[in-house]
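As structure tokens, the structure follows; a few thoughts come after it.
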Amino acid sequence: MIDVTTPPAPQKNRPFLGGRRVYRPNAKHVPVLATLALLIVMYSIGVYNYDGFSDTQVLLNVFVDNAFLLVVAVGMTFVILTGGIDLSVGAVIALTTTVAATLLAAGWPAGVVLPLVLLIGTVLGLGMGAVIHFFKVEPFIATLAGMFLARGLSLLIDRNSIPITNDFWTQMAQKRFRFGEGIFISLNVVIALIVVLIAALVLAWNRFGRNVYAIGGNADSALLMGLPVGRTRIAVYTLSGFCASLGGVLYSFYTSSGYSLHGQGLELDAIAAVVIGGVLLTGGSGYVLGTVLGVLVLGLIQTIIAFQGDLNSWWTRIVVGVLLFAFIVLQRLVTRKAK
Amino acid sequence: MTILRHRLFWPIAVLVVLLLSNLIFSNNFFKVTLLDGHLYGSLIDILRRSAPLVLVALGMTLVIATGGIDLSVGSVMAISGALACLLIGDLSNPDAVGPVLLVVVAAIALCVVAGLWNGFLVAVLGIQPIIATLILMVAGRGVAQLITDGQILNVHSSPYRVIGAGYFLAVPVSFLIAAVAVALTVALTRRTALGLLLESVGGSPTASRLAGIRSRRITVMVYVCAAAFAGVAGLIYSSDISSADSNAAGNLIELNAILAVVLGGTALTGGRFSIAGSVLGAVIITTLDITAVSVGVPVETTLLFKAIVVIILCLAQSATFRAKVFGRFGTRRAEVPA
């Protein structure tokens, strides 16, 4: 996705040349551009320090390993753009994988299981959205209850990890799109990219997308303008539920198992990805492309740690924290200066 | 009907229902006995076990009052327990009171540093609180494991054990610590202007700064308070089990604490807060966990049980829900756009 040989570096710090053609990025684009620039810096540091980091497949593997997170984060982007939050996504992944694995093990055909698990997540999202809108329960709490519910249900179904041996599932998991010698992406990446593309188009050019921004900017104004606030708000949580269960399906392709402890803490990864990508938690501002970059940042941090190779589990945590810190502070400084 | 309108009516109602449902399943639930000069009984157990969550929720209330959120409290708990156990393990005489007190002070001091860090990120660098504290949430557990070298440190120190498992005048010490912390916080926020300042910063940091309030200093202060309270909670936890377990200490407590705060009627948007509500929320959550065990809910369904109670409580607290469901029995209030 990112062409490394010609980095499209945003030129933010070029001196002001007496009103002549100076590139000034749109203020709304600054956070995304800052993330992009820092991502490229991070990638360059990786290439400089580690042998084999510049391999194209390393970059593609970031996508392969984080396709499910990408899908979940896209759903989260919609929710956060309206000023809400969805904590249930990690638990929905667990529920999706557990239900899918249990039903497949019981001999149900994949053609039934796949739509069914997607429906479960969607209905859960719809329910949470309805509670949030109709009963004015805070999104944080409604989705926290949804998280307990989904995780509790999957624990109830099975406490153990269940392997998936279904033919369709195995085929999907092993499907590779090859571009050359040792360069490939999995089906998960293709699905994730399609989701990203649709989401970007919807947000930019669709009436629903514009309503999402309007509600995030100011829900009262949106209501007074006659926009369908309630419908849109319920729709974003439904969408997030759908994306989470789709993420769960991708996760079950990726791990070939269903487990009630899958996706623990994933909601925070998704939120972090969205926020790193420049979306404001208060809503109304941000892009799906930013979210993609945010997921890439998290994935690249993992990759760097894997290349470092000699970190034990606690140093890994500390280094993740330090990298996250460095990234966020730099992004903050760049954004502030540009404004 | 005014009692139904009271902010704390629904949380109290849920707590009472929970306690009464315990009574059905175990007859001795409300029995409190005095044994060896200690009070024993399920009610005392609830008080003792809710102490860490009450402390964390207390700090969280202050943070949320300013419109922030602190996800790092669980990691801070792990850090304080880890440091305390490490230092006590190095003491020549772990049963001497003085050195153990010093260790406790050192552990809390480290937590204050953690709080300063969070406050610095939020107030000075202007990073969104959820992300700023996420950094310490991720890294903090690593730091705790680094302190204990990835091991579970066991300590044998009678003064240290008093913090979490001891009794003073027949009352659990951990409960006393939480009670003192609550009393101090209430006194400081409701008897001085501090509470007002907190709410004004939560309402609008810019407007408060223009009104002459040092909002930056207040913001840093609430994160320091949250971390210090979390540190004390971590000490209670680790002293209760006489060891430092960096993975289990304070696991998911940030969500429970936020839940407690919201159940108590404090809005996450900031600008107002209820300490009594948060304490009540924390006690409800602990009671819920204990009830699940005493009613005999299987381990697999505990989470489901919790989800259902939380949903019921949230709906009961939602004025709109009550108006929509029970509204036809009374006067229907006009719908006001949010």
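Chains: A, B, ... in order of the structure tokens. Residues: from 1 per chain. Ligands: from 1, in order shown.
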Query raised in the report: How would you write, as a PyMOL selection string, the set of residues in range 23-256 of chain A that DSSP gives as alpha helix (DSSP H)?
Result: chain A and resi 30-49+56-81+89-105+110-135+139-157+167-174+187-205+207-217+219-224+229-255
Residues of chain A within 7 Å of chain B, only C-alpha atoms counted, as a PDB file with C-alpha atoms, in the first residue's frame:
ATOM      1  CA  PHE A 135     -32.842   4.930  26.798  1.00  0.00           C
ATOM      2  CA  LYS A 136     -29.987   7.440  26.741  1.00  0.00           C
ATOM      3  CA  VAL A 137     -27.558   5.093  28.458  1.00  0.00           C
ATOM      4  CA  ILE A 141     -21.569   1.636  29.829  1.00  0.00           C
ATOM      5  CA  ALA A 145     -22.470  -4.399  29.372  1.00  0.00           C
ATOM      6  CA  PHE A 148     -19.725  -8.663  29.506  1.00  0.00           C
ATOM      7  CA  LEU A 149     -22.706 -10.219  27.740  1.00  0.00           C
ATOM      8  CA  GLY A 152     -20.150 -14.285  29.156  1.00  0.00           C
ATOM      9  CA  LEU A 153     -22.099 -16.023  26.393  1.00  0.00           C
ATOM     10  CA  LEU A 155     -17.700 -18.614  28.137  1.00  0.00           C
ATOM     11  CA  LEU A 156     -21.074 -20.257  28.633  1.00  0.00           C
ATOM     12  CA  ASP A 220     -28.302  18.873  18.731  1.00  0.00           C
ATOM     13  CA  ALA A 272      -5.804   3.280  19.919  1.00  0.00           C
ATOM     14  CA  TRP A 314       7.730  -7.545  30.120  1.00  0.00           C
ATOM     15  CA  TRP A 315      10.289  -5.674  28.037  1.00  0.00           C
ATOM     16  CA  ARG A 317       5.192  -4.393  27.036  1.00  0.00           C
ATOM     17  CA  ILE A 318       7.490  -1.589  28.081  1.00  0.00           C
ATOM     18  CA  VAL A 320       5.273  -1.095  23.125  1.00  0.00           C
ATOM     19  CA  GLY A 321       4.394   1.590  25.667  1.00  0.00           C
ATOM     20  CA  LEU A 324       3.305   4.350  21.551  1.00  0.00           C
ATOM     21  CA  PHE A 325       4.355   7.266  23.730  1.00  0.00           C
TER      22      PHE A 325
END
Report task. Could you tell me which of B:Ser50, B:Ala244, B:Trp10, B:Leu197 comes closest to Leu83 in chain B if we count only C-alpha atoms? Result ->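 Between B:Ser50, B:Ala244, B:Trp10, B:Leu197, the residue approaching Leu83 in chain B most closely is B:Ala244.
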Query raised in the report: Neighbours of Val16 in chain B within 12 Å (only C-alpha atoms; same-chain residues fewer than 2 positions away dropped), as a PyMOL selection string?
Result: chain B and resi 9-14+18-23+280+283-284+287-288+291
**Report entry** Distance in Å - CA of Ala123 in chain B versus CA of Val76 in chain B
**Finding:**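 Value for the CA of Ala123 in chain B-CA of Val76 in chain B distance: 19.2 Å.
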Requested in this report: Please identify all polymer residues within 12 Å of Gly263 in chain A, counting only C-alpha atoms, omitting same-chain residues fewer than 2 positions from it, and present them as a VMD selection string.
Outcome: chain A and resid 66 68 to 69 72 87 to 98 147 150 to 151 154 244 to 245 247 to 252 255 258 to 261 265 to 270
Residues of range 111-210 of chain A within 12 Å of range 46-64 of chain A: nearest atom pair and distance (Å, one decimal) for each, counting only C-alpha atoms, sorted by chain and number, as CSV?
residue,atom,partner,partner_atom,distance
A:Ala173,CA,A:Val64,CA,11.0
A:Gln174,CA,A:Val64,CA,11.8
A:Lys175,CA,A:Val64,CA,11.7
A:Arg176,CA,A:Val64,CA,10.3
A:Phe177,CA,A:Val64,CA,11.3
A:Arg178,CA,A:Gln57,CA,10.7
A:Phe179,CA,A:Gln57,CA,10.4
A:Gly180,CA,A:Gln57,CA,10.5
A:Glu181,CA,A:Gln57,CA,10.0
A:Gly182,CA,A:Gln57,CA,7.3
A:Ile183,CA,A:Gln57,CA,5.5
A:Phe184,CA,A:Gln57,CA,7.1
A:Ile185,CA,A:Val64,CA,6.3
A:Ser186,CA,A:Val64,CA,6.2
A:Leu187,CA,A:Val64,CA,8.6
A:Asn188,CA,A:Val64,CA,6.9
A:Val189,CA,A:Val64,CA,5.7
A:Val190,CA,A:Val64,CA,9.4
A:Ile191,CA,A:Val64,CA,10.8
A:Ala192,CA,A:Phe63,CA,8.9
A:Leu193,CA,A:Phe63,CA,9.4
Requested in this report: For range 219-226 of chain B, list every protein, DNA or RNA residue within 6 Å, evaluated using only C-alpha atoms, and leave out those in the same chain fewer than 2 positions away; present the list as a PyMOL selection string.
Outcome: chain B and resi 59-60+62-63+112+115-116+119+216-217+228-229
